[in-house]
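As provided, model.cif (mmCIF, C-alpha atoms) reads as follows.
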```cif
data_data
loop_
_atom_site.label_atom_id
_atom_site.label_comp_id
_atom_site.auth_asym_id
_atom_site.auth_seq_id
_atom_site.Cartn_x
_atom_site.Cartn_y
_atom_site.Cartn_z
CA MET T 21 11.68 2.09 18.30
CA MET T 22 8.40 1.10 16.64
CA MET T 23 7.29 -1.06 19.56
CA GLU T 24 8.30 1.68 22.01
CA GLY T 25 6.08 4.07 20.09
CA HIS T 26 3.27 1.53 20.30
CA ARG T 27 3.68 1.17 24.06
CA ARG T 28 3.70 4.93 24.62
CA TYR T 29 0.95 5.86 22.14
CA LYS T 30 -1.09 2.67 21.97
CA GLY T 31 -3.77 2.90 19.30
CA GLY T 32 -2.63 6.38 18.29
CA VAL T 33 -0.17 8.31 16.15
CA PHE T 34 3.55 8.92 16.62
CA LYS T 35 6.53 9.79 14.47
CA VAL T 36 9.99 8.26 14.20
CA PRO T 37 13.19 9.57 12.59
CA ARG T 38 14.60 7.99 9.46
CA LEU T 39 17.76 8.70 7.53
CA SER T 40 15.63 10.48 4.94
CA GLY T 41 13.38 12.37 7.39
CA TRP T 42 10.46 11.85 9.76
CA LEU T 43 7.88 9.11 9.33
CA VAL T 44 4.39 9.26 10.85
CA VAL T 45 3.26 5.85 12.14
CA LEU T 46 -0.37 4.86 12.67
CA HIS T 47 -1.83 1.92 14.54
CA GLY T 48 -5.37 1.07 15.52
CA PRO T 49 -8.27 -0.17 13.34
CA ARG T 50 -9.81 3.22 12.61
CA TYR T 51 -6.52 4.56 11.28
CA LEU T 52 -6.07 1.46 9.13
CA GLU T 53 -9.52 1.85 7.64
CA GLU T 54 -8.95 5.55 6.99
CA LEU T 55 -5.56 4.99 5.37
CA ALA T 56 -6.80 2.09 3.25
CA LYS T 57 -9.74 4.09 1.89
CA ALA T 58 -7.87 7.35 1.22
CA PRO T 59 -7.66 8.21 -2.50
CA GLU T 60 -4.40 8.67 -4.38
CA ASP T 61 -4.78 12.46 -4.38
CA THR T 62 -4.72 12.41 -0.56
CA PHE T 63 -2.20 9.70 0.37
CA SER T 64 -0.15 8.68 -2.66
CA THR T 65 1.47 5.34 -3.45
CA THR T 66 3.14 6.81 -6.52
CA ASP T 67 4.78 9.60 -4.55
CA ILE T 68 6.15 7.33 -1.82
CA LEU T 69 7.66 5.01 -4.46
CA GLU T 70 9.24 8.02 -6.12
CA SER T 71 10.54 9.21 -2.77
CA GLU T 72 11.90 5.85 -1.61
CA PHE T 73 13.44 4.63 -4.87
CA GLN T 74 13.75 7.84 -6.91
CA VAL T 75 11.85 5.96 -9.62
CA SER T 76 12.08 8.71 -12.25
CA TYR T 77 15.85 8.40 -12.20
CA THR T 78 16.44 4.74 -11.36
CA MET T 79 13.66 2.95 -13.29
CA GLY T 80 11.84 5.51 -15.41
CA SER T 81 8.81 7.71 -14.79
CA GLU T 82 6.58 5.66 -17.14
CA LEU T 83 6.44 2.93 -14.49
CA THR T 84 4.51 5.17 -12.13
CA ASN T 85 2.77 7.34 -14.73
CA ASP T 86 1.38 4.33 -16.60
CA PRO T 87 1.64 1.23 -14.38
CA ILE T 88 0.35 -1.33 -16.88
CA HIS T 89 2.19 -4.08 -15.00
CA VAL T 90 -0.46 -3.84 -12.25
CA PRO T 91 -3.45 -4.99 -14.37
CA VAL T 92 -1.21 -7.53 -16.13
CA VAL T 93 -0.38 -9.12 -12.77
CA ARG T 94 -3.84 -8.71 -11.26
CA ASN T 95 -5.69 -10.07 -14.29
CA ASN T 96 -3.53 -12.08 -16.70
CA LEU T 97 -1.17 -13.68 -14.19
CA THR T 98 -3.80 -14.47 -11.58
CA ARG T 99 -6.25 -15.83 -14.16
CA ASN T 100 -3.59 -18.16 -15.57
CA LEU T 101 -2.18 -19.52 -12.30
CA ALA T 102 -3.48 -23.03 -13.02
CA PHE T 103 -1.24 -23.08 -16.11
CA VAL T 104 1.65 -21.27 -14.44
CA VAL T 105 1.96 -23.63 -11.44
CA PRO T 106 3.27 -26.69 -13.36
CA GLU T 107 5.93 -24.51 -14.99
CA LEU T 108 6.92 -23.06 -11.60
CA ARG T 109 7.24 -26.61 -10.27
CA GLU T 110 9.50 -27.60 -13.16
CA GLU T 111 11.70 -24.54 -12.65
CA ILE T 112 11.93 -24.99 -8.87
CA GLU T 113 13.14 -28.56 -9.33
CA ALA T 114 15.69 -27.58 -11.98
CA SER T 115 16.93 -24.58 -9.97
CA PHE T 116 17.50 -26.55 -6.77
CA ASN T 117 19.24 -29.35 -8.64
CA ASP T 118 21.62 -26.82 -10.19
CA ILE T 119 22.19 -24.56 -7.18
CA ILE T 120 21.70 -26.82 -4.11
CA PRO T 121 22.36 -30.29 -5.56
CA PRO T 122 21.22 -33.07 -3.20
CA SER T 123 24.11 -34.69 -1.33
CA GLN T 124 24.37 -37.50 1.21
CA GLU T 125 26.62 -35.24 3.33
CA TRP T 126 25.58 -32.15 5.26
CA THR T 127 26.58 -29.21 3.06
CA PRO T 128 26.45 -25.55 4.21
CA PHE T 129 25.01 -22.85 1.95
CA LYS T 130 24.88 -19.10 2.45
CA VAL T 131 21.18 -19.14 1.81
CA SER T 132 20.64 -15.41 1.30
CA GLU T 133 22.68 -15.74 -1.92
CA VAL T 134 21.51 -19.09 -3.24
CA LEU T 135 17.82 -18.40 -2.57
CA LEU T 136 18.00 -15.08 -4.40
CA LYS T 137 19.27 -16.87 -7.49
CA ILE T 138 16.62 -19.60 -7.20
CA VAL T 139 13.82 -17.05 -6.78
CA ALA T 140 15.17 -15.04 -9.72
CA ARG T 141 15.09 -18.10 -11.97
CA VAL T 142 11.69 -19.30 -10.82
CA SER T 143 10.05 -15.87 -11.05
CA ASN T 144 11.52 -15.22 -14.48
CA ARG T 145 10.07 -18.50 -15.71
CA THR T 146 6.78 -16.61 -15.51
CA PHE T 147 8.14 -13.21 -16.58
CA VAL T 148 10.26 -14.15 -19.62
CA GLY T 149 9.87 -17.95 -19.96
CA LEU T 150 12.30 -20.60 -21.16
CA PRO T 151 15.15 -20.60 -22.03
CA LEU T 152 15.96 -17.05 -20.92
CA CYS T 153 15.07 -17.67 -17.26
CA ARG T 154 17.99 -20.14 -17.12
CA ASN T 155 20.50 -17.85 -18.81
CA GLU T 156 23.03 -17.12 -16.06
CA LYS T 157 24.07 -13.75 -17.48
CA PHE T 158 20.47 -12.55 -17.72
CA VAL T 159 19.63 -13.80 -14.21
CA ASP T 160 22.74 -12.05 -12.83
CA ILE T 161 21.67 -8.83 -14.53
CA CYS T 162 18.22 -9.08 -12.94
CA MET T 163 19.67 -9.72 -9.47
CA SER T 164 22.14 -6.83 -9.77
CA TYR T 165 19.42 -4.47 -10.94
CA ALA T 166 17.18 -5.44 -8.01
CA LYS T 167 20.01 -4.50 -5.64
CA ASP T 168 21.21 -1.39 -7.49
CA VAL T 169 17.85 0.40 -7.68
CA PRO T 170 17.10 0.64 -3.92
CA LEU T 171 20.76 1.39 -3.17
CA SER T 172 20.85 4.19 -5.74
CA GLY T 173 17.56 5.57 -4.42
CA MET T 174 18.85 5.58 -0.85
CA ILE T 175 22.10 7.32 -1.83
CA MET T 176 20.24 10.00 -3.76
CA ASN T 177 17.82 10.57 -0.89
CA MET T 178 20.66 11.05 1.56
CA PHE T 179 23.41 12.77 -0.39
CA VAL T 180 22.38 13.99 -3.85
CA PRO T 181 20.28 17.16 -4.31
CA PRO T 182 17.52 16.97 -6.95
CA PHE T 183 19.31 19.10 -9.53
CA LEU T 184 22.28 16.68 -9.57
CA ARG T 185 20.42 13.37 -9.61
CA ARG T 186 20.26 12.88 -13.36
CA LEU T 187 23.97 13.61 -13.57
CA ALA T 188 24.65 11.17 -10.71
CA MET T 189 22.82 8.38 -12.54
CA ALA T 190 24.89 9.02 -15.67
CA THR T 191 28.29 9.23 -13.97
CA VAL T 192 28.32 7.58 -10.51
CA LEU T 193 25.19 5.53 -9.85
CA THR T 194 25.41 3.69 -13.15
CA GLY T 195 24.18 0.27 -11.98
CA PRO T 196 20.51 0.63 -13.02
CA PRO T 197 21.07 2.20 -16.49
CA ASN T 198 23.88 -0.24 -17.27
CA GLY T 199 21.69 -3.18 -16.19
CA LEU T 200 18.87 -1.95 -18.40
CA LYS T 201 21.19 -1.61 -21.38
CA ALA T 202 22.65 -5.09 -20.83
CA ALA T 203 19.22 -6.75 -20.58
CA MET T 204 17.59 -5.15 -23.62
CA PRO T 205 19.10 -7.49 -26.26
CA TYR T 206 17.81 -10.52 -24.34
CA ILE T 207 14.31 -9.06 -24.03
CA GLU T 208 14.32 -7.95 -27.67
CA LYS T 209 14.93 -11.52 -28.86
CA VAL T 210 12.15 -12.98 -26.70
CA ALA T 211 9.78 -10.15 -27.61
CA ALA T 212 10.22 -10.86 -31.33
CA GLU T 213 9.36 -14.53 -30.76
CA ARG T 214 6.29 -13.70 -28.68
CA LYS T 215 5.06 -11.11 -31.17
CA SER T 216 5.25 -13.63 -33.99
CA LYS T 217 2.90 -15.95 -32.08
CA LEU T 218 0.29 -13.38 -31.06
CA GLY T 219 -3.16 -14.61 -32.01
CA GLN T 220 -1.82 -18.04 -33.02
CA VAL T 221 -2.16 -19.73 -29.63
CA ASN T 222 -4.96 -20.23 -27.14
CA GLU T 223 -5.11 -17.58 -24.41
CA TYR T 224 -4.29 -20.16 -21.75
CA GLU T 225 -1.21 -21.41 -23.55
CA VAL T 226 0.41 -18.04 -22.87
CA THR T 227 2.25 -18.17 -19.56
CA ASP T 228 4.78 -15.33 -19.54
CA ALA T 229 4.54 -11.63 -18.77
CA ILE T 230 6.04 -10.46 -22.06
CA SER T 231 3.14 -12.03 -23.96
CA TRP T 232 0.61 -10.68 -21.47
CA ILE T 233 2.01 -7.16 -21.85
CA PHE T 234 1.64 -7.40 -25.63
CA GLU T 235 -1.94 -8.62 -25.16
CA TYR T 236 -2.66 -5.70 -22.84
CA MET T 237 -1.19 -3.21 -25.31
CA ASN T 238 -3.63 -4.58 -27.93
CA GLY T 239 -1.55 -3.63 -30.94
CA LYS T 240 -0.07 -0.41 -29.53
CA GLU T 241 3.68 -0.08 -29.88
CA ILE T 242 5.94 -0.50 -26.88
CA SER T 243 9.68 0.08 -27.15
CA ILE T 244 12.15 -2.61 -26.09
CA GLU T 245 13.52 -0.20 -23.49
CA THR T 246 10.10 0.30 -21.93
CA LEU T 247 9.28 -3.40 -22.13
CA THR T 248 12.57 -4.22 -20.38
CA LYS T 249 11.76 -1.70 -17.67
CA ARG T 250 8.38 -3.39 -17.14
CA ILE T 251 10.04 -6.80 -16.77
CA PHE T 252 12.65 -5.37 -14.42
CA HIS T 253 9.92 -3.78 -12.34
CA LEU T 254 8.20 -7.15 -11.98
CA ASN T 255 11.56 -8.59 -10.93
CA MET T 256 11.98 -5.83 -8.36
CA ALA T 257 8.55 -6.50 -6.89
CA ALA T 258 8.92 -10.28 -6.81
CA MET T 259 12.56 -10.92 -6.09
CA HIS T 260 13.15 -9.04 -2.84
CA THR T 261 9.80 -9.75 -1.21
CA THR T 262 9.77 -13.47 -2.05
CA THR T 263 13.41 -14.02 -1.11
CA LEU T 264 13.18 -12.17 2.22
CA THR T 265 9.89 -13.84 3.13
CA PHE T 266 11.16 -17.29 2.26
CA LEU T 267 14.47 -16.75 4.02
CA HIS T 268 12.60 -15.97 7.26
CA ALA T 269 10.54 -19.15 6.81
CA LEU T 270 13.62 -21.24 6.04
CA TYR T 271 15.33 -20.07 9.24
CA ASP T 272 12.14 -20.89 11.17
CA LEU T 273 12.08 -24.40 9.71
CA ALA T 274 15.80 -25.11 10.02
CA SER T 275 15.76 -24.11 13.69
CA ARG T 276 12.58 -26.15 14.35
CA PRO T 277 13.24 -29.46 12.54
CA GLU T 278 10.27 -31.12 14.29
CA TYR T 279 8.06 -29.50 11.64
CA ILE T 280 9.81 -31.14 8.69
CA LEU T 281 8.19 -34.59 8.93
CA PRO T 282 4.52 -33.48 9.24
CA LEU T 283 5.03 -30.98 6.42
CA ARG T 284 6.65 -33.67 4.28
CA GLN T 285 3.83 -36.12 4.97
CA GLU T 286 1.21 -33.58 3.91
CA VAL T 287 2.97 -32.78 0.65
CA GLU T 288 3.61 -36.44 -0.23
CA GLU T 289 0.01 -37.42 0.42
CA ILE T 290 -1.43 -34.62 -1.70
CA VAL T 291 1.04 -34.91 -4.58
CA ASN T 292 0.62 -38.69 -4.73
CA GLU T 293 -3.12 -38.17 -5.13
CA GLU T 294 -3.20 -35.45 -7.78
CA GLY T 295 0.32 -34.35 -8.74
CA TRP T 296 1.53 -30.77 -8.88
CA THR T 297 -1.44 -28.58 -9.75
CA LYS T 298 -2.80 -25.32 -8.43
CA ALA T 299 -5.59 -27.32 -6.77
CA SER T 300 -3.08 -29.58 -5.01
CA VAL T 301 -1.01 -26.62 -3.82
CA ASP T 302 -4.20 -25.00 -2.49
CA ARG T 303 -4.79 -28.12 -0.35
CA MET T 304 -1.44 -27.82 1.45
CA LYS T 305 -2.82 -26.24 4.62
CA LYS T 306 0.12 -27.08 6.85
CA ILE T 307 2.59 -25.60 4.37
CA ASP T 308 0.35 -22.54 4.08
CA SER T 309 0.01 -22.21 7.85
CA PHE T 310 3.74 -22.50 8.48
CA LEU T 311 4.52 -19.74 5.99
CA LYS T 312 1.76 -17.53 7.36
CA GLU T 313 2.94 -17.96 10.96
CA SER T 314 6.48 -17.13 9.89
CA GLN T 315 5.25 -13.92 8.27
CA ARG T 316 3.08 -13.05 11.27
CA LEU T 317 6.10 -12.96 13.56
CA LYS T 318 8.95 -12.20 11.17
CA HIS T 319 7.71 -10.13 8.26
CA PHE T 320 10.59 -8.25 6.68
CA SER T 321 8.83 -4.88 7.04
CA ASN T 322 7.07 -3.55 10.12
CA LEU T 323 5.10 -1.07 8.01
CA ILE T 324 2.43 -1.51 5.36
CA THR T 325 0.40 0.91 3.24
CA MET T 326 3.27 3.39 3.00
CA ARG T 327 2.05 6.64 1.49
CA LYS T 328 3.06 10.29 1.03
CA ALA T 329 0.51 13.02 1.80
CA ARG T 330 -0.32 15.12 -1.26
CA LYS T 331 -2.14 17.72 0.81
CA ASP T 332 -2.78 18.63 4.41
CA TYR T 333 -5.17 16.09 5.87
CA LYS T 334 -7.03 15.81 9.18
CA LEU T 335 -7.35 12.28 10.55
CA TRP T 336 -10.51 11.18 12.34
CA ASP T 337 -8.99 12.06 15.73
CA GLY T 338 -8.08 15.60 14.62
CA THR T 339 -4.37 14.92 13.98
CA ILE T 340 -3.11 16.99 11.06
CA ILE T 341 -0.89 15.23 8.52
CA PRO T 342 0.99 17.98 6.64
CA LYS T 343 1.49 17.83 2.90
CA GLY T 344 4.64 15.92 1.98
CA THR T 345 4.61 13.72 5.09
CA ASP T 346 5.53 10.05 4.79
CA ILE T 347 3.03 7.85 6.57
CA GLY T 348 2.60 4.12 7.23
CA TYR T 349 0.73 1.57 9.34
CA HIS T 350 2.51 -0.51 12.01
CA VAL T 351 1.69 -4.23 11.65
CA MET T 352 3.29 -5.80 14.72
CA PRO T 353 0.67 -4.66 17.29
CA ILE T 354 -1.98 -6.38 15.14
CA HIS T 355 0.02 -9.55 14.55
CA ARG T 356 0.90 -9.89 18.24
CA ASN T 357 -2.52 -8.99 19.60
CA THR T 358 -3.85 -11.56 22.10
CA GLU T 359 -7.40 -10.92 20.90
CA ASN T 360 -6.42 -12.07 17.41
CA PHE T 361 -3.87 -14.76 18.26
CA PRO T 362 -3.61 -16.77 21.51
CA ASN T 363 -0.03 -16.81 22.84
CA PRO T 364 0.94 -14.33 20.13
CA ASP T 365 4.68 -14.29 20.89
CA THR T 366 4.96 -18.08 20.49
CA PHE T 367 5.72 -19.60 17.10
CA ASP T 368 3.00 -22.13 16.24
CA GLY T 369 3.56 -23.36 12.71
CA PHE T 370 0.16 -25.00 12.49
CA ARG T 371 -1.78 -22.15 14.07
CA PHE T 372 -3.93 -21.64 10.98
CA VAL T 373 -4.50 -25.24 9.90
CA ASN T 374 -7.92 -25.62 11.52
CA ASP T 375 -9.05 -22.09 10.87
CA ASP T 376 -12.65 -21.34 10.00
CA GLY T 377 -11.72 -20.09 6.53
CA ARG T 378 -11.98 -16.40 7.27
CA LYS T 379 -8.35 -16.05 8.31
CA PHE T 380 -6.94 -19.11 6.59
CA GLY T 381 -4.93 -18.69 3.45
CA LEU T 382 -1.55 -17.11 2.94
CA SER T 383 -2.94 -14.82 0.26
CA SER T 384 -5.99 -13.75 2.28
CA VAL T 385 -6.30 -10.11 3.35
CA ASN T 386 -8.17 -8.85 6.39
CA ASN T 387 -7.67 -6.46 9.29
CA GLU T 388 -6.00 -9.15 11.41
CA PHE T 389 -3.35 -10.24 8.92
CA LEU T 390 -1.77 -7.38 7.05
CA ILE T 391 1.23 -8.76 5.17
CA PHE T 392 -0.31 -8.08 1.74
CA SER T 393 -1.95 -4.83 2.90
CA VAL T 394 -5.73 -4.38 2.76
CA GLY T 395 -8.56 -3.13 0.57
CA LYS T 396 -7.82 -1.64 -2.83
CA HIS T 397 -4.13 -1.41 -1.94
CA ALA T 398 -3.75 -5.18 -1.41
CA CYS T 399 -0.80 -6.62 -3.34
CA PRO T 400 -2.03 -7.64 -6.83
CA GLY T 401 0.61 -10.38 -7.07
CA ARG T 402 -0.18 -12.06 -3.74
CA TYR T 403 -1.75 -15.17 -5.33
CA PHE T 404 1.32 -15.77 -7.47
CA ALA T 405 3.63 -15.09 -4.50
CA ALA T 406 1.71 -17.45 -2.21
CA ASN T 407 1.85 -20.29 -4.72
CA GLU T 408 5.55 -19.74 -5.35
CA LEU T 409 6.35 -19.67 -1.61
CA LYS T 410 4.33 -22.81 -0.92
CA MET T 411 6.00 -24.70 -3.75
CA LEU T 412 9.48 -23.62 -2.65
CA LEU T 413 8.85 -24.85 0.89
CA SER T 414 7.22 -28.05 -0.38
CA HIS T 415 10.22 -28.83 -2.52
CA ILE T 416 12.61 -28.44 0.39
CA VAL T 417 10.69 -30.66 2.81
CA LEU T 418 10.24 -33.32 0.11
CA ASN T 419 13.86 -33.47 -0.93
CA TYR T 420 16.10 -32.28 1.90
CA ASP T 421 16.86 -32.45 5.58
CA ILE T 422 18.00 -29.06 6.83
CA LYS T 423 19.44 -27.57 10.00
CA VAL T 424 21.05 -24.34 11.20
CA GLU T 425 24.74 -24.18 12.11
CA ASN T 426 23.99 -23.84 15.83
CA GLU T 427 21.26 -26.45 16.06
CA GLY T 428 17.97 -25.13 17.37
CA VAL T 429 19.13 -21.48 17.41
CA ARG T 430 17.53 -19.27 14.78
CA PRO T 431 19.94 -16.81 13.09
CA LYS T 432 19.52 -13.33 14.54
CA ASP T 433 17.58 -10.84 12.42
CA MET T 434 18.98 -7.53 11.24
CA GLN T 435 17.24 -4.20 11.82
CA LEU T 436 17.46 -1.58 9.09
CA ASP T 437 15.21 1.45 9.26
CA PHE T 438 11.72 -0.02 9.90
CA ASN T 439 12.67 -3.36 8.35
CA GLN T 440 13.18 -6.67 10.18
CA LEU T 441 15.50 -8.44 7.75
CA PRO T 442 16.61 -12.08 7.86
CA ASN T 443 20.29 -12.61 8.55
CA ASP T 444 22.24 -12.31 5.29
CA LYS T 445 25.41 -14.02 6.59
CA ALA T 446 23.98 -17.19 8.13
CA GLN T 447 24.38 -20.63 6.60
CA VAL T 448 21.88 -23.46 6.52
CA LEU T 449 23.05 -27.05 6.12
CA PHE T 450 21.33 -29.23 3.52
CA ARG T 451 21.51 -32.93 2.79
CA LYS T 452 19.42 -35.30 0.75
CA ARG T 453 16.49 -36.43 2.88
CA ALA T 454 17.15 -39.50 4.95
#
```
Could you write out this structure as structure tokens?
Amino acid sequence: MMMEGHRRYKGGVFKVPRLSGWLVVLHGPRYLEELAKAPEDTFSTTDILESEFQVSYTMGSELTNDPIHVPVVRNNLTRNLAFVVPELREEIEASFNDIIPPSQEWTPFKVSEVLLKIVARVSNRTFVGLPLCRNEKFVDICMSYAKDVPLSGMIMNMFVPPFLRRLAMATVLTGPPNGLKAAMPYIEKVAAERKSKLGQVNEYEVTDAISWIFEYMNGKEISIETLTKRIFHLNMAAMHTTTLTFLHALYDLASRPEYILPLRQEVEEIVNEEGWTKASVDRMKKIDSFLKESQRLKHFSNLITMRKARKDYKLWDGTIIPKGTDIGYHVMPIHRNTENFPNPDTFDGFRFVNDDGRKFGLSSVNNEFLIFSVGKHACPGRYFAANELKMLLSHIVLNYDIKVENEGVRPKDMQLDFNQLPNDKAQVLFRKRA
């Protein structure tokens, strides 16, 4: 439906129906620039999050009213990536050994499930640290919460009127509040340990989000309930996006095994020279390019910069966007534009290897590659996400041979709303590298 709208209204504006109402779709550089520059009181990120996930009911209004997790990610996490990367590497290795143990025989795994658990463990190494990130009960709580929140939000949008939503969360849609309650004792224990060490360690010895949140609060009190909500929100942001993105890339690799050897050779050469560091991960241009090409063609969402209009607004072409309208920018026409990418419908895993630097880099943002959005709305956690994705892919090519069940045939994607989701039923076969 999105591509049909693009063909009929190329470079313009159209609207498509959703289960929750109409969505206005923009495409064309002038619209992107206008949407990216619009202030919060015109096109609101907060309001679209509230609308999509019913945040006030499912996660708590303080997450949108006072989003302290954003500066914590943008500043503390990004600034400390050089110290975070070795810990991510350690957790990736431990997670794969536990969940996809190397075997001499081809072994099938339902990768949508096992990758979610691996990503949950690896991400929580940075959010809550050891040993909690390896606690199976805590990891299961995090994964359930990340599923329950969007499901509860969708159900409320479709079936529950506003005056019954608080009652619904207390009686029917109990997944999110029960998950929060179950996680709080775990977070409370870690929080007490981190608080006792505040000011006793060097800034760069602190590599988990709980400590960074305490640093940001600068002595102000934060309840365990609110702290747990902050950690859950980081899990929500990291878990789904990283898992879906990596699952697309894994299907691309497993159905194109000719890429495994050159990727493996690059990783071995770099790691043998300087080990696992942020600098070494930055040098992995083939790994970076493969992931970027996968996202160019198979990003899990066809829309970026989703917003809700807070007032009537006239676009540059005279189109009126009424107050309350959901609006987003369509990425596929940009990512499949022949002016930006030669042979745009062909997968070329090394398309970006010899780039001039302007486009290169999985975490880069520009008007030709829109996965992490653009301008002031660009994803604050994109540097962390890019490093995590590159290290996950590096670990697989170093340690495994992989293939799809029907060799050479990529599992078919699923379409849900405006999302292009990787197949959640398909299996990938793993064996210890030959």
I'd like the contact shell of region 166-174 of chain T - 8 Å cut-off, only C-alpha atoms, skipping same-chain residues fewer than 6 positions apart - returned as a list in words.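 Using only C-alpha atoms, the neighbours found are Glu72, Phe73, Gln74, Val75, Thr78, Met79, Leu193, Gly195, Pro196, Phe252, Asn255, Met256, Met259 and His260 of chain T.
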Test item: residues at most 8 Å from Ile244 (chain T), all atoms listed in the file, excluding those fewer than 5 positions along its chain, as a PDB file with C-alpha atoms, in the frame of the given file:
```
ATOM      1  CA  MET T 204      17.590  -5.150 -23.620  1.00  0.00           C
ATOM      2  CA  ILE T 207      14.310  -9.060 -24.030  1.00  0.00           C
ATOM      3  CA  GLU T 208      14.320  -7.950 -27.670  1.00  0.00           C
TER       4      GLU T 208
END
```
Using the chain letters and numbering of this document, enumerate as a ChimeraX atom specification the residues selected by the PyMOL selection byres ((chain T and resi 293-296) around 12). /T:102-110,112-113,286-292,297-304,407,410-411,414-415
How many Å lie between CA of Pro442 (chain T) and CA of Leu317 (chain T), rounded to one decimal? 12.0 Å
Result set, the PyMOL selection byres ((chain T and resi 145-162) around 8) on current file, as a ChimeraX atom specification: /T:104,107-108,111,137,140-144,163-166,199,202-203,206-207,210,227-230,251-252,254-255
Given all atoms listed in the file, how would the per-residue table for region 31-126 of chain T near region 419-439 of chain T read, listing every residue at most 8 Å away with its closest atom pair and distance in Å to one decimal, sorted by chain and number, as a Markdown table?
```
| residue | atom | partner | partner_atom | distance |
| --- | --- | --- | --- | --- |
| T:Arg38 | CA | T:Asp437 | CA | 6.6 |
| T:Leu39 | CA | T:Asp437 | CA | 7.9 |
| T:Pro122 | CA | T:Tyr420 | CA | 7.3 |
```
Exercise on region 289-305 of chain T, axis-aligned box with 8 Å per side, report centre and edge lengths in Å to one decimal, as lines of an AutoDock Vina configuration file:
```
center_x = -2.0
center_y = -31.8
center_z = -2.6
size_x = 23.1
size_y = 29.7
size_z = 30.4
```
Applying 7 Å and all atoms listed in the file, which residues near region 353-367 of chain T remain after dropping the ones on its own chain fewer than 5 positions away? List them as a PyMOL selection string. chain T and resi 313+316+388-389
Given the file shown, determine the residues that the PyMOL selection byres ((chain T and resi 32-37) around 12) selects; report them as a PyMOL selection string. chain T and resi 21-31+38-52+335-341+345-350+353+437-438
Non-local contacts of Ala56 (chain T) (12 Å; all atoms listed in the file; under 3 positions in same chain excluded) as a PyMOL selection string: chain T and resi 46+49-53+59-60+62-65+324-327+347-349+386-387+390+393-398
List the spatial neighbours of Tyr279 (chain T) as JSON, numbers by chain - criterion: any atom at most 10 Å away, all atoms listed in the file, same-chain residues fewer than 2 positions off excluded. {"T": [272, 273, 274, 275, 276, 277, 281, 282, 283, 284, 306, 307, 310, 369, 370, 417]}
Have a look at T:Asn100, T:Ser76, T:Ser132, T:Asn177 and name the one nearest to Leu264 (chain T); count only C-alpha atoms. T:Ser132
Compare T:Ile88, T:Leu187, T:Ala257, T:Leu83 by their minimum atom-to-atom distance to Gly401 (chain T), counting only C-alpha atoms, and give me the closest one.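 Smallest distance to Gly401 (chain T) is found for T:Ala257.
As for CA of Ala114 (chain T) and CA of Thr98 (chain T), they are spaced 23.5 Å apart.
Atom pair CA of Lys318 (chain T) / CA of His268 (chain T) has a distance of 6.5 Å (rounded to one decimal).
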Go through T:Lys249, T:Lys343, T:Met176, T:Phe266 and flag the residue nearest Lys331 (chain T), using only C-alpha atoms for the distances.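 The answer is T:Lys343, which sits nearest to Lys331 (chain T).
Distance check against Thr84 (chain T) using only C-alpha atoms: of T:Pro128, T:Leu55, T:Val226, T:Arg250, the minimum falls on T:Arg250.
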As a compact mmCIF listing (two decimals), in the coordinates of the input, the rebuilt region 251-258 of chain T with N, CA, C and O atoms:
```txt
# COMPACT_ATOMS: atom_id res chain seq x y z
N ILE T 251 9.60 -5.50 -17.27
CA ILE T 251 10.04 -6.80 -16.77
C ILE T 251 10.94 -6.63 -15.55
O ILE T 251 10.83 -7.39 -14.57
N PHE T 252 11.80 -5.64 -15.58
CA PHE T 252 12.65 -5.37 -14.42
C PHE T 252 11.82 -4.96 -13.21
O PHE T 252 12.14 -5.31 -12.07
N HIS T 253 10.76 -4.20 -13.45
CA HIS T 253 9.92 -3.78 -12.34
C HIS T 253 9.23 -4.98 -11.70
O HIS T 253 9.12 -5.07 -10.47
N LEU T 254 8.77 -5.92 -12.52
CA LEU T 254 8.20 -7.15 -11.98
C LEU T 254 9.25 -7.91 -11.17
O LEU T 254 8.95 -8.46 -10.10
N ASN T 255 10.48 -7.95 -11.68
CA ASN T 255 11.56 -8.59 -10.93
C ASN T 255 11.79 -7.90 -9.60
O ASN T 255 11.98 -8.55 -8.56
N MET T 256 11.79 -6.58 -9.61
CA MET T 256 11.98 -5.83 -8.36
C MET T 256 10.91 -6.19 -7.35
O MET T 256 11.19 -6.42 -6.16
N ALA T 257 9.66 -6.24 -7.80
CA ALA T 257 8.55 -6.50 -6.89
C ALA T 257 8.59 -7.92 -6.35
O ALA T 257 8.27 -8.16 -5.18
N ALA T 258 8.99 -8.88 -7.20
CA ALA T 258 8.92 -10.28 -6.81
C ALA T 258 10.17 -10.76 -6.09
O ALA T 258 10.09 -11.53 -5.12
```
